[in-house]
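Single-structure report; data block below.
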Amino acid sequence: MSLAQSPTATWDTIQNVFYRKEEIYSMSWRVPDLSDYIITSAKNGGPIAMIRDERKIMLLGKHVPGKPKIYIYTSSGLLLHTLTWDLSPPVLLHFTSQYLVVLSDEGLYRVYDLSNPNPSSAAGGYRQYTLGGEVGEVGVVEAKAWEEGMVVLTGSLGWVEVRGWGGGRATPLSPSGLTEPPTSWTLISPDQSPTGHVQILFSTSSTIITLDALERIDQRVSRGPFAHIRVSPNGRFLALVTVTGNLWVVSSDFGRNLSEVDIANFNEGAGLPEKVEWCGDNAVVLAWGGRVVIVGPAGDSLTYDYSPAAYLVGEMDGLRVISSTTCDFIQKVPDSSLAVFSPGSSHPAAILYDALDHFERKSPKADESIRSIRPELGNAVDTCVEAAGREIEVTWQRRLLKAAQFGRAFMDLYNPSDFVGMAQTLKVLNAVRYYEVGIPITYEQYTSSSPTLLISHLVSRNLHLLALRISQHIGLRPDPVLKHWATAKISRSSAKGVDPSERGASDDEAVCQAIVNKFEKEGEKGVSYAEIAKKAWEAGRTRLATMLLDHEPRAAEQVPLLLQMKEDKIALTKAVDSGDTDLVYQVLLHLRSSLSPGDFFHLLDDSISPNLKPAVNLLQVYARQADRGLLRDFYYQDDRRTESATLEMEEAAQAEDGTERVEHLRQASKYFSESKDRVFEAKMAEDAQRLLTLQQTYERELDHKFTFSGLSVDQFISRLLIEGFAKRAERVRSDWRVPDKRWWWIKLKALAEMRDWEGLEVFAKSKKSPIGYEPFVTHLLSLKPPQPTHAATFVPRCDPKSRPDLYVACGDWGKAAESAKERGDKAKLDQLLRAAPNGIAQREVNEVIKRIGK
C-alpha cells in the first residue's frame with residue numbers, strides 16, 4: 001500500500017466532481033494477461049476466482065497443459081486454493097457469501113463450500129447438481145447469478161431460474177419469444193426488483209423486454225439494440241450501450257432519461273466496449289482491454305491504462321480494478337473527505353484539521369481557528385470521524401481521528417461512542433486489508449453487510465486467530481470461530497491412509513485436550529462441544545467424538561449425537577444423569593425402535609447397570625400407560641414373576657371378554673406359583689379363575705339371561721338365591737366351603753331382599769341358627785321400609801336379656817314390658833316406663849307394672 005504525500009494526490013475531477021484512484025495492492029500473482037481467463041470476484045473485497053478460457057486460442061507454451069484448474073486468489077494476488085475442473089467449459093463463475101458456483105455449458109454445476117477446511121477435496125469441497133430436463137439436452141448459452149440463485153439462458157432461447165444452492169429444480173420463466181439470441185441481457189435480483197422476484201432485462205431488435213415468472217413486458221424503447229445492459233448497485237439506474245456507440249443512462253423503470261453520451265471519443269477506434277460497469281451509483285465505467293474510462297453525465301471522462309487487460313468489480317461505493325500488477329479502488333470522493341481535504345474548503349472540519357496542524361507547530365492560529373468554528377465544533381468533529389472511516393491510508397486515518405480528538409477537548413459535552421466505534425472499526429478494517437489477508441473492504445461495505453459475514457470469510461480461509469481477535473474486539477461471541485477451528489484441527493489431524501478405528505487413543509486425547517483448552521481459554525461460557533463431536537464422528541473419529549461429548553454440559557446436546565453414534569448405553573446414562581424425564585423417554589423410545597427386544601432389555605438389566613434404575617422405572621410408567629405388551633415382555637425378560645402376575649391380574653380386571661379374563665387369571669396363577677413366597681396369591685388367582693369359569697358355565701346353561709361374571713362368591717350365592725337357583729347356590733357354597741355363619745348371613749339377606757317372609761321363617765326353623773336370631777331382627781328393621789312386624793316374630797327366639805330392647809326396636813312396648821316382667825327385672829320396667837312415649841305405649845307398660853303389684 002503506497003503512502004501518498006497528500007490525501008488529494010490521487011484525486012481527479014469529472015465535471016467538478018472529484019474521483020480518486022488508490023492503489024490497494026501490488027499483485028503477488030504471476031498472471032501476465034487476464035484476458036486469457038474467465039474471472040469472477042466476490043463483492044466487498046472478496047476473493048478472485050479464475051479459470052483458463054478454453055474457447056480462446058492460446059499460444060503454445062503460454063499455459064500449462066492438462067485439465068483446467070480453477071484458481072482462487074485473494075485481492076492481493078495470493079493463491080488460496082486450486083480446484084481441478086473436469087467438466088465441460090464453464091459459462092458461469094459466481095461467488096456468494098459462502099460458496100463458489102461454477103456452471104458448465106452442459107447444465108451441470110458445482111457448489112464449492114469455501115468454509116470447508118479442505119475445499120480442494122472433491123468429497124467434502126463441493127456438491128454437484130444438474131439443471132436436468134430440457135436444459136441438459138439443449139445446453140446452456142449464458143448464465144447470471146445473485147446471492148440466492150441464478151438464471152440460465154438455454155439453447156432453446158428460454159430462461160430458467162434456480163433458487164438456492166441445494167440442487168433445487170430449475171423453474172422456467174415466461175416464454176421469451178426469441179428466435180435468435182438477445183444482443184445483451186441482465187438480471188435484477190429479487191431484493192432490487194419492484195416485484196420482489198427475479199427479473200430479466202434483454203435487448204431484442206430496437207427495444208428492451210422485461211421478463212419474470214409471470215409476464216413479459218415490452219418497454220417500448222426505440223434506441224436499441226443494446227450491446228450492454230448494466231444495473232447500478234442500488235438498482236435504480238440502467239447503463240445501456242447501443243450497438244451504434246451511445247451510452248444511455250436511464251432510470252430502471254425507463255421513466256427518466258438521465259444522460260446520453262457518444263462513446264466514440266473514448267474508444268480510439270476500438271469499437272464497442274468489452275466491459276461496462278458502474279462506479280458506485282455515480283458514474284459508468286467502460287473498458288477496452290486494459291483501457292478503463294470513467295464517464296460522467298455530460299461526457300467528461302477519466303482514463304486509466306492497465307495494459308494488457310483489466311477486470312472490473314463494481315462495488316456499492318466504487319470500483320475495484322484488478323490487473324496483472326495492481327488492485328486499485330476508484331470511487332467518488334466521499335463528502336466527508338471533500339469537506340476536510342478539498343482545496344480551499346471552508347468547512348468547519350477543514351478548519352479543525354488545520355487548527356491541529358497549527359497546534360502541533362505551536363502557532364497561536366490554532367486558538368483563532370477553534371474560536372471561529374466554536375458553534376459548529378460538534379459537526380466538525382463528527383465530519384473528521386466520518387472522513388477517517390473513508391480513508392484507506394492509515395496515516396490519514398490517524399490524522400483525522402487526532403483532529404477529532406483535538407476538537408473534543410474544547411467541547412463541554414460530547415458523546416464519544418461514534419469516535420470509539422470508528423476507531424474500533426478502523427482497527428478491524430486495517431487488519432483485514434493487510435496484503436497477507438487481502439480483503440480491501442471499505443467502511444460502507446463493512447457497515448452495509450455485517451461483521452459476521454467478514455468473520456465467516458476469515459474462517460473459511462482458516463484465519464482463525466485473526467477472526468477470533470476481531471470477534472473479541474467488536475464484542476461478538478467467538479463460538480463460530482472456535483467451532484470451525486476445532487473442525488479444521490480434527491480434519492488436519494486425520495492422517496491419510498489410516499483407519500480411524502486403528503488410531504491410538506493418545507492421539508484422540510491430544511486433539512480433545514487441545515480443543516478443550518482452546519475453548520476454555522478463548523470461548524465464552526456455554527460453548528457447545530456437541531457440534532464439534534458430530535464433525536469428529538462424521539470424520540470416522542468415534543472415540544474422539546465421545547471424548548468431546550464428555551465436556552458438553554447440556555445433555556440435550558449430547559444424547560442425540562450419542563444415539564447417532566450407536567453409543568446407546570452412554571446416551572441412556574447421560575439422559576438419566578441429566579434428570580430430564582423427557583430426554584430419558586426420548587432415548588428409551590429410540591432404543592425400543594432400533595434394538596431387538598433382547599438387546600433392549602439386556603441394556604436395562606438392573607444387575608448389570610444399577611445406575612439405570614431410574615430409566616427402568618420410567619419405562620415401566622410409560623409401558624403401563626401406553627404399551628402393556630412392552631411391560632409384559634420386560635417383566636418376563638427380567639424374571640419378575642410377581643410383577644408379571646400382578647400385570648395379568650390388572651389385565652383380567654380390564655378385559656371385557658370372559659374367555660380373555662379367564663386366560664389372564666390362569667397366567668397370573670402360573671406366575672404366582674413360580675415364586676415360593678406367593679403361594680397364597682397363586683391359590684387366590686386359581687380360585688378366581690375357577691369361580692369365573694363356573695359363572696360363565698352357569699350363564700351358558702341359563703342362555704345368558706343372567707350375568708354372574710365378576711361377582712364375588714358371596715355376591716354369586718346371593719344372586720343365585722334371589723333368582724331362584726337354590727341348588728346351584730348350595731353347590732357354590734359346597735365348592736368354596738362357605739362357612740355356616742356366612743351362609744346364614746347371605747341367605748338371610750337374600751330372602752329379606754326377596755320379601756320371602758315364609759321362606760325366611762322356614763329357614764330360621766330349619767336348624768339352630770349359627771348366627772343367632774338377633775341378626776334376623778336387626779336386618780329386617782334395617783330394610784327400607786323397615787319390617788317391624790316380621791322382625792318381632794323372631795324376638796322370642798333371641799336371648800331373654802335382649803328381648804325387651806328388641807321389642808322396643810320393633811315398636812311393641814307391651815311385649816317389651818312382659819319380657820322384663822318374666823325375668824323379674826323391675827329396673828328394666830322402670831326404665832321402659834320412663835322411656836315410653838306418652839299414650840298407648842306408656843299405658844301398656846303401666847298395666848304390666850300394676851299386675852306385678854297385685
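Each chain of the C-alpha cells is named A, B, ... in the order shown, its residues numbered from 1; ligands are numbered from 1 in display order.
Residue neighbourhood of Ala841 of chain A, excluding near-sequence residues (fewer than 4 positions): Asp812, Trp813, Gly814, Ala836, Pro837 and Val845 of chain A, at 8 Å, using only C-alpha atoms.
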query: Which residues, written as JSON, numbers by chain, have at least one atom at most 6 Å from segment 364-367 of chain A, with only C-alpha atoms counted and residues fewer than 4 positions away on the same chain left out?
result: {"A": [355, 358, 359]}
field: All strand (DSSP E or B) residues (DSSP, backbone) inside segment 89-184 of chain A, as a ChimeraX atom specification
entry: /A:90-95,99-104,108-113,126-130,140-146,149-154,159-163,171-172,184
So that I can check the surroundings of Asp305 of chain A, please list as a PDB file with N, CA and C atoms, in the first residue's frame every protein, DNA and RNA residue that reaches within 9 Å of it, counting only C-alpha atoms and ignoring chain neighbours fewer than 6 positions away.
ATOM      1  N   GLY A 290      -7.228  -3.237 -21.599  1.00  0.00           N
ATOM      2  CA  GLY A 290      -6.697  -2.612 -20.395  1.00  0.00           C
ATOM      3  C   GLY A 290      -7.020  -1.143 -20.272  1.00  0.00           C
ATOM      4  N   ARG A 291      -7.790  -0.605 -21.218  1.00  0.00           N
ATOM      5  CA  ARG A 291      -8.142   0.817 -21.186  1.00  0.00           C
ATOM      6  C   ARG A 291      -9.454   0.975 -20.427  1.00  0.00           C
ATOM      7  N   VAL A 292      -9.405   1.697 -19.321  1.00  0.00           N
ATOM      8  CA  VAL A 292     -10.574   1.875 -18.452  1.00  0.00           C
ATOM      9  C   VAL A 292     -10.948   3.351 -18.467  1.00  0.00           C
ATOM     10  N   VAL A 293     -12.211   3.637 -18.817  1.00  0.00           N
ATOM     11  CA  VAL A 293     -12.680   5.017 -18.938  1.00  0.00           C
ATOM     12  C   VAL A 293     -13.881   5.201 -18.022  1.00  0.00           C
TER      13      VAL A 293
END
field: Spatial neighbours of Asn379 of chain A, 10 Å, only C-alpha atoms, chain gap at least 4 places, as a PyMOL selection string
entry: chain A and resi 347-349+373-375+383-385
- prompt: Which polymer residues have any atom within 12 Å of an atom of Leu302 of chain A, counting only C-alpha atoms, with same-chain residues fewer than 5 positions away left out, as a count of residues only?
  reply: 26
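Distance-wise, atom CA of Gly839 of chain A and atom CA of Pro785 of chain A end up 24.4 Å apart.
Comparing the minimum interatomic distances between Asp382 of chain A and each of A:Ile370, A:Val102, A:Ala555, A:Leu400, counting only C-alpha atoms, we find that A:Leu400 sits nearest.
Between atom CA of Asn846 of chain A and atom CA of Val795 of chain A lies a distance of 21.8 Å.
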message: Can you pull out every residue from segment 233-482 of chain A that DSSP, working from the backbone, puts in alpha helix (DSSP H), and format the result as a count of residues only?
response: 109
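Here atom CA of Arg592 of chain A and atom CA of Glu552 of chain A stand 25.3 Å from one another.
For Ser232 of chain A, the set of protein, DNA and RNA residues having any atom at most 9 Å away, when counting only C-alpha atoms and skipping those fewer than 4 positions along the same chain, is Arg236, Phe237, Leu238, Ala239, Ser252, Glu277, Trp278, Cys279, Gly280, Asp281, Asn282, Val284, Gly314 and Met316 of chain A.
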Can I get the selection written as an mmCIF file, in the first residue's frame, with C-alpha atoms?
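Ended up saving to again_14.cif:
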data_model
loop_
_atom_site.group_PDB
_atom_site.id
_atom_site.type_symbol
_atom_site.label_atom_id
_atom_site.label_comp_id
_atom_site.auth_asym_id
_atom_site.auth_seq_id
_atom_site.Cartn_x
_atom_site.Cartn_y
_atom_site.Cartn_z
ATOM 1 C CA ARG A 236 -32.322 2.452 -9.552
ATOM 2 C CA PHE A 237 -30.437 3.113 -12.796
ATOM 3 C CA LEU A 238 -29.518 1.329 -16.007
ATOM 4 C CA ALA A 239 -26.440 1.875 -18.155
ATOM 5 C CA SER A 252 -34.662 1.356 -14.072
ATOM 6 C CA GLU A 277 -19.579 -1.488 -15.041
ATOM 7 C CA TRP A 278 -20.783 1.044 -12.504
ATOM 8 C CA CYS A 279 -18.500 3.001 -10.207
ATOM 9 C CA GLY A 280 -20.815 3.073 -7.215
ATOM 10 C CA ASP A 281 -24.070 4.716 -8.271
ATOM 11 C CA ASN A 282 -22.349 7.804 -9.661
ATOM 12 C CA VAL A 284 -20.360 4.398 -15.659
ATOM 13 C CA GLY A 314 -18.427 -2.999 -9.276
ATOM 14 C CA MET A 316 -21.642 -0.359 -3.823
#
- request: Tell me, as number ranges by chain, which residues lie within 12 Å of Lys768 of chain A, counting only C-alpha atoms; anything in the same chain fewer than 4 positions away does not count.
  value: A: 740-741, 744, 762-764, 772-773, 797-798
